[in-house]
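To keep things clear, I will list the structure first and then write my remarks on it.
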Amino acid sequence: MQQTSPPSAEAKTIHEDRTLGNVVDIVTRCGTSREACIKILQEVQEAYGYLPTAALRYVTEHTRITPRQIYGVATFYERFRFKPLGRHLIKVCRGTACHVRGAPQVLDAVEQELGLAEGKDTTADGEFTYEKIACFGACALAPVVVVDGQTKGGMTADKMRRLLRREAKSNDPAKGENQPDAKAE
Ligand code: FES
């Protein structure tokens, strides 16, 4: 029987090298001045979906950008994240138009369904990241959610629950859709 072994130190190094490979390219393209900070962070975020610590360390060691400057920029702009996104990104509008048409119930449904711990925005299994948005600019469709980049209007708590359960099921072969013998819902 074939034995599975834990990830080796070598595998870890290869992973880190790949991470750094991208950052080396980014720094080469954007330059090493302090003014390049936002551009570098944008590109790092685009490459990984977040700002990995190893990548930020490389930036501070090979440019004139300081850890303090990175932290200031990354915390000022909401689009930057220090943690990876989940496989599915669920954004729920909490703007006024959505609020008066039932967004609070939709928000409650998401929070109950995902069972996120206090202060967390991503489920422990890494499947869902949840964000509240001020307004998507699609108020006529209120209440609005955006799931993996797709805008869905007229959302209700029930629809939201069904949608999240469907996504969770499609991610887990043991629960359904990816199993050949599983019955359709
Ligand atoms: S208030 Fe929700 S889309 Fe504008």
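All residue names refer to the structure tokens as shown: chains lettered A, B, ... in order, residues numbered from 1 in each chain, ligands numbered from 1 in order.
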(request) Name each residue within 8 Å of ligand 1, counting only C-alpha atoms and all ligand atoms, as a list of chain:residue names. (result) A:Cys93, A:Arg94, A:Gly95, A:Thr96, A:Ala97, A:Cys98, A:His99, A:Ile133, A:Ala134, A:Cys135, A:Phe136, A:Gly137, A:Ala138, A:Cys139, A:Ala140, A:Leu141, A:Ala142, A:Pro143, A:Val144
Preceding selection exported with N, CA and C atoms as a short mmCIF file (atom, residue, chain, number, x, y, z; two decimals), in the first residue's frame:
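Printed below is out-v5.cif as written:
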```cif
data_model
loop_
_atom_site.label_atom_id
_atom_site.label_comp_id
_atom_site.auth_asym_id
_atom_site.auth_seq_id
_atom_site.Cartn_x
_atom_site.Cartn_y
_atom_site.Cartn_z
N CYS A 93 -25.09 43.46 0.02
CA CYS A 93 -25.23 44.91 0.16
C CYS A 93 -25.99 45.25 1.44
N ARG A 94 -25.47 46.26 2.14
CA ARG A 94 -26.18 46.72 3.33
C ARG A 94 -26.56 48.19 3.17
N GLY A 95 -26.61 48.66 1.90
CA GLY A 95 -26.98 50.04 1.62
C GLY A 95 -28.45 50.31 1.93
N THR A 96 -28.83 51.58 1.84
CA THR A 96 -30.18 51.98 2.27
C THR A 96 -31.29 51.29 1.46
N ALA A 97 -31.17 51.31 0.13
CA ALA A 97 -32.23 50.72 -0.70
C ALA A 97 -32.37 49.23 -0.39
N CYS A 98 -31.26 48.56 -0.24
CA CYS A 98 -31.30 47.12 0.07
C CYS A 98 -31.83 46.90 1.49
N HIS A 99 -31.41 47.79 2.39
CA HIS A 99 -31.83 47.65 3.79
C HIS A 99 -33.35 47.68 3.92
N ILE A 133 -21.13 45.10 1.76
CA ILE A 133 -20.78 46.19 0.85
C ILE A 133 -21.73 47.36 1.08
N ALA A 134 -21.22 48.59 0.94
CA ALA A 134 -22.04 49.78 1.19
C ALA A 134 -23.10 49.95 0.11
N CYS A 135 -22.77 49.73 -1.15
CA CYS A 135 -23.76 49.82 -2.25
C CYS A 135 -23.08 49.32 -3.52
N PHE A 136 -23.78 48.47 -4.27
CA PHE A 136 -23.21 47.98 -5.53
C PHE A 136 -23.55 48.92 -6.70
N GLY A 137 -24.40 49.92 -6.43
CA GLY A 137 -24.85 50.78 -7.53
C GLY A 137 -25.91 50.11 -8.38
N ALA A 138 -26.57 49.11 -7.83
CA ALA A 138 -27.63 48.42 -8.57
C ALA A 138 -28.89 48.42 -7.70
N CYS A 139 -29.19 49.60 -7.13
CA CYS A 139 -30.23 49.70 -6.11
C CYS A 139 -31.61 49.27 -6.61
N ALA A 140 -31.87 49.42 -7.92
CA ALA A 140 -33.18 49.03 -8.47
C ALA A 140 -33.43 47.53 -8.30
N LEU A 141 -32.33 46.77 -8.10
CA LEU A 141 -32.48 45.31 -7.96
C LEU A 141 -32.54 44.88 -6.49
N ALA A 142 -32.59 45.83 -5.58
CA ALA A 142 -32.48 45.54 -4.14
C ALA A 142 -33.51 44.48 -3.69
N PRO A 143 -33.09 43.68 -2.71
CA PRO A 143 -31.77 43.53 -2.10
C PRO A 143 -30.81 42.77 -3.03
N VAL A 144 -29.56 43.23 -3.05
CA VAL A 144 -28.59 42.70 -4.00
C VAL A 144 -27.47 41.93 -3.28
#
```
Using only C-alpha atoms, what does the table of segment 100-144 of chain A residues within 7 Å of segment 155-164 of chain A look like, with each row giving the shortest atom pair and its distance in Å to one decimal, sorted by chain and ascending number, as a Markdown table?
```
| residue | atom | partner | partner_atom | distance |
| --- | --- | --- | --- | --- |
| A:Gln105 | CA | A:Ala157 | CA | 5.6 |
| A:Val106 | CA | A:Ala157 | CA | 4.4 |
| A:Ala109 | CA | A:Ala157 | CA | 5.4 |
| A:Val110 | CA | A:Arg161 | CA | 6.9 |
| A:Glu113 | CA | A:Arg161 | CA | 6.6 |
| A:Pro143 | CA | A:Met155 | CA | 5.3 |
| A:Val144 | CA | A:Met155 | CA | 6.1 |
```
How about saving the chosen residues, N, CA and C atoms kept, as an mmCIF file, in the first residue's frame?
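Final file, part_9.cif:
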```
data_model
loop_
_atom_site.group_PDB
_atom_site.id
_atom_site.type_symbol
_atom_site.label_atom_id
_atom_site.label_comp_id
_atom_site.auth_asym_id
_atom_site.auth_seq_id
_atom_site.Cartn_x
_atom_site.Cartn_y
_atom_site.Cartn_z
ATOM 1 N N GLN A 105 -32.431 40.652 6.718
ATOM 2 C CA GLN A 105 -32.783 39.224 6.795
ATOM 3 C C GLN A 105 -31.802 38.384 5.963
ATOM 4 N N VAL A 106 -31.386 38.961 4.822
ATOM 5 C CA VAL A 106 -30.425 38.236 3.964
ATOM 6 C C VAL A 106 -29.087 38.117 4.704
ATOM 7 N N ALA A 109 -29.311 35.508 7.326
ATOM 8 C CA ALA A 109 -29.300 34.159 6.739
ATOM 9 C C ALA A 109 -27.874 33.731 6.406
ATOM 10 N N VAL A 110 -27.088 34.656 5.838
ATOM 11 C CA VAL A 110 -25.697 34.314 5.485
ATOM 12 C C VAL A 110 -24.913 33.999 6.752
ATOM 13 N N GLU A 113 -26.025 30.640 8.209
ATOM 14 C CA GLU A 113 -25.666 29.523 7.336
ATOM 15 C C GLU A 113 -24.165 29.239 7.394
ATOM 16 N N PRO A 143 -33.093 43.681 -2.712
ATOM 17 C CA PRO A 143 -31.768 43.530 -2.096
ATOM 18 C C PRO A 143 -30.806 42.769 -3.032
ATOM 19 N N VAL A 144 -29.565 43.228 -3.049
ATOM 20 C CA VAL A 144 -28.589 42.698 -4.001
ATOM 21 C C VAL A 144 -27.475 41.933 -3.278
#
```
(request) Find the residue from A:Thr28, A:Gln150, A:Gln42, A:Thr122 that sits nearest to Pro84 of chain A; use only C-alpha atoms when measuring. (result)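 Under the stated criterion, the closest residue is A:Thr122.
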(message) I'd like the contact shell of Arg79 of chain A - 10 Å cut-off, only C-alpha atoms, skipping same-chain residues fewer than 5 positions apart - returned as a count of residues only.
(response) 5
